[in-house]
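Participant: Below you will find the structure I want to go over with you.
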Amino acid sequence: MAASATAALVGGLVGCSAAAGEDGPVTLTFWDHSGNPTRAETYEALIEEFEAANEGITVDFLTLPSDSAFEKIQTSLASGEAPDISSLSGTFLAPLTAQEALLPLDEQFAGSPLAEQIDPALIDVMRQDARDGGLYALPYTLTNGLFWYRTDLWSDAGYPDGPATWDDFYAGAAELTDADAGQYGFAMRGGAGGVFQFLQAMYAQSGVETLFDEQGVSTIDDPANVEAFEQYVGLYDTATSQADLGYGYPEMVAAFGSGSAATLQHNLGSYPEHEAALPGQFAAVPLPESSDGSRVVIADPIPSFAIYEQSEHPEEAWAFLQFMLSESSNGALNETIGQIPSNLESRSADWLTASQSVSAASDWIEGDSVTILSAPTHLPDYGTIMRNELEPELQRVLLGELAPADFLTLWADKMTEAQQAYLEQG
């Protein structure tokens with residue numbers, strides 16, 4: 001990025017209102033990585049509000065398919081046609097900062113009202129994911145893993161509180177399965193994005209409290225994890241359909257919404273789809289604690305907004321980013337997706353306390369007995385390992401072509417290699 005552009009941004013507006021550029025009207029490009037149609041509707045409404053308050057600035061919005069968003073961003077960078085601003089999955093930030101693809105935001109953030117409003121713990125995560133400790137993105141939400149369940153079906157099966165323990169989960173999923181009738185106890189994410197959900201469930205059930213030991217060796221193949229993973233894998237084609245092998249997010253949610261699956265594992269973000277399909281017929285419970293009472297939570301990678309170095313309109317992009325993270329906008333977005341806002345002032349809204357799922361998730365991660373682990377998104381290769389290298393191998397496990405313990409050893413070796421390389425680089 002040219003020095004003059006950087007200077008314009010550093011000295012630019014700190015409010016949420018901006019005029020058009022000196023050369024006339026400005027068009028910003030904004031991409032959403034989630035592929036979520038409900039979220040897209042809220043983005044479009046917020047964009048309309050921003051444009052009305054900022055004459056001469058137009059925002060060109062595009063929502064990307066979630067399973068190919070990172071690749072599309074990479075293609076845009078290579079061709080010199082990156083968006084001005086986009087949302088990022090938590091796994092995108094480390095590789096994009098390693099590529100120097102994102103604009104540093106430290107000085108702008110320090111001079112903005114957002115510095116007193118955005119949850120500082122989430123800002124710390126943003127800095128941890130950048131090797132130089134800089135701030136290249138700002139978080140917009142927080143969530144963690146849950147079981148969404150059909151309240152009527154689980155109650156009829158004798159579990160009025162849903163899968164409150166791991167024993168309840170496995171027994172109930174089996175009891176609620178009638179393959180001949182096309183009814184299954186669980187919708188498993190065996191395809192795109194599934195590896196992380198297995199990771200969350202495995203550590204929650206095992207109670208293993210660290211992802212790496214002091215030498216940077218992964219704990220993924222800890223014997224307690226192997227035992228938990230084997231039991232979870234055993235649900236495939238016994239309490240799930242065979243089609244679950246290829247389920248990504250849309251297929252998994254559709255199975256739950258259609259009534260063919262009584263339970264699924266995801267986070268707070270799928271709430272709008274469940275509410276649209278099953279109003280009043282579902283609820284959420286956190287992933288249960290381990291058999292010894294340990295409560296281990298691997299938090300979902302923190303999504304964020306970032307401005308790209310290739311942007312020709314950094315000042316206007318910063319104004320839009322600030323608008324999106326304001327109390328009103330951040331609250332509106334998180335109410336739509338049913339998650340916890342990053343703006344602390346947005347967390348006092350009535351909808352948060354009224355939401356069963358948000359209350360369940362936020363209550364679960366409070367207290368001294370909880371161990372909260374952050375996914376190792378600081379590793380530049382983390383996303384590639386999880387998506388490209390491990391997803392095909394996980395499917396081999398589900399098909400019985402690879403032993404669960406061997407898969408975990410493979411996974412642990414990859415994470416150990418990446419972590420130790422990271423530590424060696426200082």
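In the structure tokens, chains take the letters A, B, ... in the order shown, each chain's residues start at 1, and ligands count up from 1 in the order shown.
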Any idea what's packed within 8 Å of region 28-43 of chain A, counting only C-alpha atoms, ignoring anything in its chain fewer than 5 positions away? Could you give it as a PDB file with N, CA and C atoms, in the first residue's frame?
Facilitator:
```pdb
ATOM      1  N   ILE A  57     -20.798   7.374  -0.528  1.00  0.00           N
ATOM      2  CA  ILE A  57     -20.136   6.084  -0.338  1.00  0.00           C
ATOM      3  C   ILE A  57     -21.149   4.971  -0.577  1.00  0.00           C
ATOM      4  N   THR A  58     -20.810   4.090  -1.484  1.00  0.00           N
ATOM      5  CA  THR A  58     -21.630   2.918  -1.784  1.00  0.00           C
ATOM      6  C   THR A  58     -20.851   1.676  -1.386  1.00  0.00           C
ATOM      7  N   VAL A  59     -21.535   0.707  -0.805  1.00  0.00           N
ATOM      8  CA  VAL A  59     -20.896  -0.544  -0.401  1.00  0.00           C
ATOM      9  C   VAL A  59     -21.414  -1.663  -1.289  1.00  0.00           C
ATOM     10  N   ASP A  60     -20.510  -2.272  -2.022  1.00  0.00           N
ATOM     11  CA  ASP A  60     -20.832  -3.404  -2.895  1.00  0.00           C
ATOM     12  C   ASP A  60     -20.605  -4.683  -2.098  1.00  0.00           C
ATOM     13  N   PHE A  61     -21.677  -5.385  -1.776  1.00  0.00           N
ATOM     14  CA  PHE A  61     -21.632  -6.520  -0.844  1.00  0.00           C
ATOM     15  C   PHE A  61     -21.699  -7.850  -1.583  1.00  0.00           C
ATOM     16  N   LEU A  62     -20.883  -8.801  -1.111  1.00  0.00           N
ATOM     17  CA  LEU A  62     -20.892 -10.156  -1.662  1.00  0.00           C
ATOM     18  C   LEU A  62     -20.735 -11.147  -0.525  1.00  0.00           C
ATOM     19  N   THR A  63     -21.581 -12.167  -0.482  1.00  0.00           N
ATOM     20  CA  THR A  63     -21.414 -13.234   0.501  1.00  0.00           C
ATOM     21  C   THR A  63     -20.803 -14.440  -0.196  1.00  0.00           C
ATOM     22  N   LEU A  64     -19.758 -14.988   0.385  1.00  0.00           N
ATOM     23  CA  LEU A  64     -19.000 -16.086  -0.209  1.00  0.00           C
ATOM     24  C   LEU A  64     -19.434 -17.417   0.386  1.00  0.00           C
ATOM     25  N   PRO A  65     -19.381 -18.498  -0.383  1.00  0.00           N
ATOM     26  CA  PRO A  65     -19.612 -19.826   0.205  1.00  0.00           C
ATOM     27  C   PRO A  65     -18.569 -20.096   1.282  1.00  0.00           C
ATOM     28  N   SER A  66     -19.006 -20.551   2.444  1.00  0.00           N
ATOM     29  CA  SER A  66     -18.084 -20.679   3.575  1.00  0.00           C
ATOM     30  C   SER A  66     -16.952 -21.654   3.304  1.00  0.00           C
ATOM     31  N   ALA A  69     -14.392 -19.728   0.894  1.00  0.00           N
ATOM     32  CA  ALA A  69     -14.151 -18.297   1.089  1.00  0.00           C
ATOM     33  C   ALA A  69     -12.661 -17.969   1.123  1.00  0.00           C
ATOM     34  N   PHE A  70     -11.881 -18.778   1.849  1.00  0.00           N
ATOM     35  CA  PHE A  70     -10.452 -18.479   1.964  1.00  0.00           C
ATOM     36  C   PHE A  70      -9.771 -18.554   0.599  1.00  0.00           C
ATOM     37  N   PRO A  83     -11.015  -7.355  -1.906  1.00  0.00           N
ATOM     38  CA  PRO A  83     -12.025  -6.400  -1.437  1.00  0.00           C
ATOM     39  C   PRO A  83     -11.374  -5.329  -0.569  1.00  0.00           C
ATOM     40  N   ASP A  84     -12.102  -4.271  -0.320  1.00  0.00           N
ATOM     41  CA  ASP A  84     -11.611  -3.270   0.628  1.00  0.00           C
ATOM     42  C   ASP A  84     -11.647  -3.812   2.046  1.00  0.00           C
ATOM     43  N   ILE A  85     -12.713  -4.533   2.367  1.00  0.00           N
ATOM     44  CA  ILE A  85     -12.925  -5.032   3.724  1.00  0.00           C
ATOM     45  C   ILE A  85     -13.677  -6.348   3.632  1.00  0.00           C
ATOM     46  N   SER A  86     -13.423  -7.235   4.571  1.00  0.00           N
ATOM     47  CA  SER A  86     -14.187  -8.483   4.612  1.00  0.00           C
ATOM     48  C   SER A  86     -14.286  -8.972   6.041  1.00  0.00           C
ATOM     49  N   SER A  87     -15.230  -9.860   6.258  1.00  0.00           N
ATOM     50  CA  SER A  87     -15.224 -10.631   7.492  1.00  0.00           C
ATOM     51  C   SER A  87     -14.249 -11.778   7.305  1.00  0.00           C
ATOM     52  N   LEU A  88     -13.688 -12.244   8.410  1.00  0.00           N
ATOM     53  CA  LEU A  88     -12.712 -13.327   8.378  1.00  0.00           C
ATOM     54  C   LEU A  88     -13.106 -14.405   9.367  1.00  0.00           C
ATOM     55  N   SER A  89     -13.012 -15.646   8.955  1.00  0.00           N
ATOM     56  CA  SER A  89     -13.045 -16.738   9.919  1.00  0.00           C
ATOM     57  C   SER A  89     -11.819 -16.622  10.806  1.00  0.00           C
ATOM     58  N   PRO A 272     -30.433 -18.808  13.838  1.00  0.00           N
ATOM     59  CA  PRO A 272     -31.491 -18.306  12.946  1.00  0.00           C
ATOM     60  C   PRO A 272     -32.099 -19.388  12.065  1.00  0.00           C
ATOM     61  N   GLU A 273     -31.257 -20.307  11.563  1.00  0.00           N
ATOM     62  CA  GLU A 273     -31.791 -21.384  10.723  1.00  0.00           C
ATOM     63  C   GLU A 273     -32.697 -22.313  11.517  1.00  0.00           C
ATOM     64  N   HIS A 313      -9.316   2.773  -0.805  1.00  0.00           N
ATOM     65  CA  HIS A 313     -10.150   3.680  -0.003  1.00  0.00           C
ATOM     66  C   HIS A 313     -10.058   3.306   1.475  1.00  0.00           C
ATOM     67  N   GLU A 316     -12.343   5.402   4.048  1.00  0.00           N
ATOM     68  CA  GLU A 316     -13.761   5.055   4.007  1.00  0.00           C
ATOM     69  C   GLU A 316     -13.997   3.646   4.537  1.00  0.00           C
ATOM     70  N   ALA A 317     -13.068   2.742   4.264  1.00  0.00           N
ATOM     71  CA  ALA A 317     -13.198   1.377   4.786  1.00  0.00           C
ATOM     72  C   ALA A 317     -13.146   1.371   6.311  1.00  0.00           C
ATOM     73  N   ALA A 332     -27.163  -5.555  16.461  1.00  0.00           N
ATOM     74  CA  ALA A 332     -28.105  -6.050  15.460  1.00  0.00           C
ATOM     75  C   ALA A 332     -27.581  -7.302  14.775  1.00  0.00           C
ATOM     76  N   LEU A 333     -26.290  -7.301  14.417  1.00  0.00           N
ATOM     77  CA  LEU A 333     -25.714  -8.472  13.760  1.00  0.00           C
ATOM     78  C   LEU A 333     -25.751  -9.680  14.676  1.00  0.00           C
ATOM     79  N   THR A 336     -29.142 -11.212  15.154  1.00  0.00           N
ATOM     80  CA  THR A 336     -29.499 -12.033  13.997  1.00  0.00           C
ATOM     81  C   THR A 336     -28.866 -13.411  14.071  1.00  0.00           C
ATOM     82  N   ILE A 337     -27.580 -13.458  14.402  1.00  0.00           N
ATOM     83  CA  ILE A 337     -26.876 -14.742  14.394  1.00  0.00           C
ATOM     84  C   ILE A 337     -26.949 -15.455  15.733  1.00  0.00           C
TER      85      ILE A 337
END
```
Participant: What parts of region 143-236 of chain A does DSSP call strand (DSSP E)? I'd like the answer as a list in words.
Facilitator: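 Here is the list: Leu146, Phe147, Trp148, Tyr149 and Arg150 of chain A.
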Participant: May I ask which of the residues A:Ala173, A:Val208, A:Ile123, A:Ala349 is the closest one to Ala187 (chain A), counting only C-alpha atoms?
Facilitator: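 Closest residue, counting only C-alpha atoms: A:Ala173.
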Participant: Pick out the closest residue to Gln183 (chain A) from this set: A:Gly133, A:Gly259, A:Pro120, A:Pro380. Count only C-alpha atoms.
Facilitator: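 Nearest candidate to Gln183 (chain A) out of A:Gly133, A:Gly259, A:Pro120, A:Pro380: A:Gly259.
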Participant: Fewer than 5 positions away in the same chain doesn't count, so skip those; otherwise give me all residues within 9 Å of Asp161 (chain A), counting only C-alpha atoms, as a PDB file with C-alpha atoms, in the first residue's frame.
Facilitator:
```pdb
ATOM      1  CA  THR A 151     -36.975 -30.702  22.813  1.00  0.00           C
ATOM      2  CA  TRP A 154     -35.558 -35.853  23.565  1.00  0.00           C
ATOM      3  CA  SER A 155     -38.314 -35.388  26.131  1.00  0.00           C
ATOM      4  CA  VAL A 285     -27.086 -27.305  25.842  1.00  0.00           C
TER       5      VAL A 285
END
```
Participant: Tell me which protein, DNA and RNA residues are within 9 Å of Pro376 (chain A), counting only C-alpha atoms, leaving out same-chain ones fewer than 3 positions away, and put them as a list in words.
Facilitator: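 Answer for this query is Thr91, Asp129, Leu211, Pro301, Leu373, Leu379, Tyr382, Met415 and Gln419 of chain A.
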Participant: Could the residues in this selection be saved with C-alpha atoms as a tab-separated table (two decimals), in the first residue's frame?
Facilitator:
```tsv
chain	number	residue	atom	x	y	z
A	91	THR	CA	-8.54	-19.43	10.88
A	129	ASP	CA	-2.82	-14.54	15.81
A	211	LEU	CA	-3.63	-28.50	23.49
A	301	PRO	CA	-12.01	-19.23	16.40
A	373	LEU	CA	-8.74	-23.19	25.30
A	379	LEU	CA	-0.28	-21.20	13.44
A	382	TYR	CA	-3.63	-24.30	10.97
A	415	MET	CA	0.10	-29.92	15.00
A	419	GLN	CA	3.72	-25.52	16.86
```
Participant: Please run DSSP on the backbone and report, as a ChimeraX atom specification, all residues within region 178-233 of chain A that come out as helix (DSSP H, G or I).
Facilitator: /A:179-181,194-206,223-233
Participant: Please dump the current selection as an mmCIF file, in the first residue's frame; keep N, CA and C atoms.
Facilitator:
```
data_model
loop_
_atom_site.group_PDB
_atom_site.id
_atom_site.type_symbol
_atom_site.label_atom_id
_atom_site.label_comp_id
_atom_site.auth_asym_id
_atom_site.auth_seq_id
_atom_site.Cartn_x
_atom_site.Cartn_y
_atom_site.Cartn_z
ATOM 1 N N ALA A 179 -33.485 -46.016 11.479
ATOM 2 C CA ALA A 179 -32.989 -45.844 10.115
ATOM 3 C C ALA A 179 -34.049 -46.180 9.076
ATOM 4 N N ASP A 180 -34.868 -47.191 9.341
ATOM 5 C CA ASP A 180 -35.900 -47.578 8.375
ATOM 6 C C ASP A 180 -36.908 -46.454 8.151
ATOM 7 N N ALA A 181 -37.115 -45.645 9.184
ATOM 8 C CA ALA A 181 -38.051 -44.522 9.081
ATOM 9 C C ALA A 181 -37.355 -43.226 8.664
ATOM 10 N N GLY A 194 -15.768 -30.162 9.410
ATOM 11 C CA GLY A 194 -16.105 -31.098 10.474
ATOM 12 C C GLY A 194 -15.001 -31.368 11.472
ATOM 13 N N VAL A 195 -13.748 -31.261 11.072
ATOM 14 C CA VAL A 195 -12.646 -31.664 11.946
ATOM 15 C C VAL A 195 -12.651 -30.856 13.244
ATOM 16 N N PHE A 196 -12.909 -29.561 13.146
ATOM 17 C CA PHE A 196 -12.905 -28.735 14.359
ATOM 18 C C PHE A 196 -13.997 -29.163 15.327
ATOM 19 N N GLN A 197 -15.148 -29.571 14.811
ATOM 20 C CA GLN A 197 -16.225 -29.995 15.704
ATOM 21 C C GLN A 197 -15.860 -31.291 16.429
ATOM 22 N N PHE A 198 -15.156 -32.186 15.758
ATOM 23 C CA PHE A 198 -14.650 -33.384 16.431
ATOM 24 C C PHE A 198 -13.660 -32.987 17.525
ATOM 25 N N LEU A 199 -12.831 -31.993 17.253
ATOM 26 C CA LEU A 199 -11.854 -31.517 18.236
ATOM 27 C C LEU A 199 -12.558 -31.000 19.488
ATOM 28 N N GLN A 200 -13.573 -30.166 19.301
ATOM 29 C CA GLN A 200 -14.300 -29.618 20.448
ATOM 30 C C GLN A 200 -14.944 -30.718 21.284
ATOM 31 N N ALA A 201 -15.617 -31.642 20.622
ATOM 32 C CA ALA A 201 -16.306 -32.713 21.347
ATOM 33 C C ALA A 201 -15.314 -33.609 22.073
ATOM 34 N N MET A 202 -14.204 -33.907 21.428
ATOM 35 C CA MET A 202 -13.216 -34.821 21.990
ATOM 36 C C MET A 202 -12.623 -34.271 23.288
ATOM 37 N N TYR A 203 -12.205 -33.019 23.281
ATOM 38 C CA TYR A 203 -11.607 -32.439 24.491
ATOM 39 C C TYR A 203 -12.648 -32.216 25.582
ATOM 40 N N ALA A 204 -13.872 -31.874 25.200
ATOM 41 C CA ALA A 204 -14.921 -31.717 26.206
ATOM 42 C C ALA A 204 -15.179 -33.035 26.915
ATOM 43 N N GLN A 205 -15.217 -34.127 26.150
ATOM 44 C CA GLN A 205 -15.502 -35.428 26.754
ATOM 45 C C GLN A 205 -14.303 -35.979 27.522
ATOM 46 N N SER A 206 -13.099 -35.773 27.013
ATOM 47 C CA SER A 206 -11.909 -36.338 27.661
ATOM 48 C C SER A 206 -11.496 -35.562 28.905
ATOM 49 N N PRO A 223 -4.320 -40.629 25.402
ATOM 50 C CA PRO A 223 -5.222 -41.792 25.500
ATOM 51 C C PRO A 223 -6.665 -41.428 25.823
ATOM 52 N N ALA A 224 -6.870 -40.418 26.653
ATOM 53 C CA ALA A 224 -8.243 -40.015 26.975
ATOM 54 C C ALA A 224 -8.950 -39.441 25.752
ATOM 55 N N ASN A 225 -8.201 -38.736 24.911
ATOM 56 C CA ASN A 225 -8.784 -38.235 23.672
ATOM 57 C C ASN A 225 -9.094 -39.372 22.709
ATOM 58 N N VAL A 226 -8.212 -40.346 22.635
ATOM 59 C CA VAL A 226 -8.454 -41.493 21.755
ATOM 60 C C VAL A 226 -9.756 -42.185 22.142
ATOM 61 N N GLU A 227 -9.949 -42.398 23.432
ATOM 62 C CA GLU A 227 -11.166 -43.065 23.903
ATOM 63 C C GLU A 227 -12.413 -42.257 23.536
ATOM 64 N N ALA A 228 -12.363 -40.953 23.764
ATOM 65 C CA ALA A 228 -13.514 -40.105 23.449
ATOM 66 C C ALA A 228 -13.769 -40.055 21.949
ATOM 67 N N PHE A 229 -12.712 -39.942 21.172
ATOM 68 C CA PHE A 229 -12.843 -39.856 19.719
ATOM 69 C C PHE A 229 -13.444 -41.134 19.153
ATOM 70 N N GLU A 230 -13.000 -42.269 19.634
ATOM 71 C CA GLU A 230 -13.526 -43.539 19.147
ATOM 72 C C GLU A 230 -15.024 -43.650 19.410
ATOM 73 N N GLN A 231 -15.466 -43.186 20.569
ATOM 74 C CA GLN A 231 -16.891 -43.268 20.874
ATOM 75 C C GLN A 231 -17.696 -42.331 19.976
ATOM 76 N N TYR A 232 -17.177 -41.144 19.745
ATOM 77 C CA TYR A 232 -17.871 -40.172 18.896
ATOM 78 C C TYR A 232 -17.938 -40.674 17.457
ATOM 79 N N VAL A 233 -16.824 -41.180 16.944
ATOM 80 C CA VAL A 233 -16.789 -41.733 15.588
ATOM 81 C C VAL A 233 -17.791 -42.875 15.446
#
```
Participant: Extract, using only C-alpha atoms, all DNA, RNA and protein residues at most 9 Å from Gln281 (chain A), discarding same-chain residues fewer than 3 positions from it, and format them as a PDB file with C-alpha atoms, in the first residue's frame.
Facilitator:
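So the final result, stored in selection_6.pdb, reads:
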```pdb
ATOM      1  CA  TYR A 149     -31.600 -30.678  20.184  1.00  0.00           C
ATOM      2  CA  ARG A 150     -35.272 -31.270  19.476  1.00  0.00           C
ATOM      3  CA  THR A 151     -36.975 -30.702  22.813  1.00  0.00           C
ATOM      4  CA  ASP A 152     -40.023 -32.800  21.934  1.00  0.00           C
ATOM      5  CA  HIS A 274     -33.150 -23.474  13.583  1.00  0.00           C
ATOM      6  CA  GLU A 275     -35.627 -20.775  14.553  1.00  0.00           C
ATOM      7  CA  LEU A 278     -38.335 -25.347  14.094  1.00  0.00           C
TER       8      LEU A 278
END
```
Participant: From the list A:Thr27, A:Ser342, A:Ser311, A:Thr371, which residue is nearest Glu81 (chain A) when using only C-alpha atoms?
Facilitator: A:Ser311
Participant: For region 101-110 of chain A, please output as number ranges by chain all residues within 7 Å (counting only C-alpha atoms; exclusion window: fewer than 2 positions along the same chain).
Facilitator: A: 10, 96-97, 99, 112, 114-115, 134-136, 306-309
Participant: For Ser291 (chain A), which of A:Ala412, A:Ala164, A:Ala45, A:Ala405 is the closest residue, counting only C-alpha atoms?
Facilitator: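 Using only C-alpha atoms, Ser291 (chain A) sits closest to A:Ala164.
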Participant: One decimal, Å: what's the distance from CA of Gly280 (chain A) over to CA of Ala299 (chain A), could you say?
Facilitator: 26.9 Å
Participant: Fewer than 2 positions away in the same chain doesn't count, so skip those; otherwise give me all residues within 9 Å of Ile302 (chain A), counting only C-alpha atoms, as a PyMOL selection string.
Facilitator: chain A and resi 88-91+122+125-126+139-143+299-300+304
Participant: For those residues, write N, CA and C atoms to a file as a PDB file, in the first residue's frame.
Facilitator:
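The new file part.pdb reads:
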```
ATOM      1  N   LEU A  88     -13.688 -12.244   8.410  1.00  0.00           N
ATOM      2  CA  LEU A  88     -12.712 -13.327   8.378  1.00  0.00           C
ATOM      3  C   LEU A  88     -13.106 -14.405   9.367  1.00  0.00           C
ATOM      4  N   SER A  89     -13.012 -15.646   8.955  1.00  0.00           N
ATOM      5  CA  SER A  89     -13.045 -16.738   9.919  1.00  0.00           C
ATOM      6  C   SER A  89     -11.819 -16.622  10.806  1.00  0.00           C
ATOM      7  N   GLY A  90     -11.908 -17.178  12.010  1.00  0.00           N
ATOM      8  CA  GLY A  90     -10.768 -17.127  12.912  1.00  0.00           C
ATOM      9  C   GLY A  90      -9.535 -17.822  12.392  1.00  0.00           C
ATOM     10  N   THR A  91      -9.698 -18.727  11.432  1.00  0.00           N
ATOM     11  CA  THR A  91      -8.539 -19.426  10.875  1.00  0.00           C
ATOM     12  C   THR A  91      -7.864 -18.645   9.756  1.00  0.00           C
ATOM     13  N   LEU A 122     -10.845 -10.361  23.520  1.00  0.00           N
ATOM     14  CA  LEU A 122     -10.920 -10.710  22.102  1.00  0.00           C
ATOM     15  C   LEU A 122      -9.860  -9.969  21.296  1.00  0.00           C
ATOM     16  N   VAL A 125      -6.742 -11.928  21.460  1.00  0.00           N
ATOM     17  CA  VAL A 125      -6.715 -13.049  20.517  1.00  0.00           C
ATOM     18  C   VAL A 125      -6.290 -12.565  19.137  1.00  0.00           C
ATOM     19  N   MET A 126      -6.797 -11.410  18.717  1.00  0.00           N
ATOM     20  CA  MET A 126      -6.406 -10.860  17.417  1.00  0.00           C
ATOM     21  C   MET A 126      -4.893 -10.638  17.359  1.00  0.00           C
ATOM     22  N   PRO A 139     -12.565  -8.018  16.184  1.00  0.00           N
ATOM     23  CA  PRO A 139     -13.551  -9.095  16.347  1.00  0.00           C
ATOM     24  C   PRO A 139     -14.976  -8.546  16.397  1.00  0.00           C
ATOM     25  N   TYR A 140     -15.919  -9.349  15.904  1.00  0.00           N
ATOM     26  CA  TYR A 140     -17.309  -8.892  15.966  1.00  0.00           C
ATOM     27  C   TYR A 140     -18.231  -9.821  16.742  1.00  0.00           C
ATOM     28  N   THR A 141     -17.732 -10.989  17.182  1.00  0.00           N
ATOM     29  CA  THR A 141     -18.625 -11.912  17.872  1.00  0.00           C
ATOM     30  C   THR A 141     -17.831 -12.945  18.648  1.00  0.00           C
ATOM     31  N   LEU A 142     -18.537 -13.672  19.504  1.00  0.00           N
ATOM     32  CA  LEU A 142     -17.945 -14.726  20.329  1.00  0.00           C
ATOM     33  C   LEU A 142     -18.955 -15.855  20.442  1.00  0.00           C
ATOM     34  N   THR A 143     -18.477 -17.089  20.342  1.00  0.00           N
ATOM     35  CA  THR A 143     -19.368 -18.233  20.490  1.00  0.00           C
ATOM     36  C   THR A 143     -18.568 -19.451  20.930  1.00  0.00           C
ATOM     37  N   ALA A 299     -12.909 -22.804  22.554  1.00  0.00           N
ATOM     38  CA  ALA A 299     -13.724 -21.741  21.972  1.00  0.00           C
ATOM     39  C   ALA A 299     -13.576 -21.733  20.459  1.00  0.00           C
ATOM     40  N   ASP A 300     -14.653 -21.390  19.797  1.00  0.00           N
ATOM     41  CA  ASP A 300     -14.585 -21.256  18.347  1.00  0.00           C
ATOM     42  C   ASP A 300     -13.589 -20.155  17.979  1.00  0.00           C
ATOM     43  N   SER A 304     -13.788 -11.894  12.590  1.00  0.00           N
ATOM     44  CA  SER A 304     -13.387 -10.489  12.677  1.00  0.00           C
ATOM     45  C   SER A 304     -13.654  -9.778  11.358  1.00  0.00           C
TER      46      SER A 304
END
```
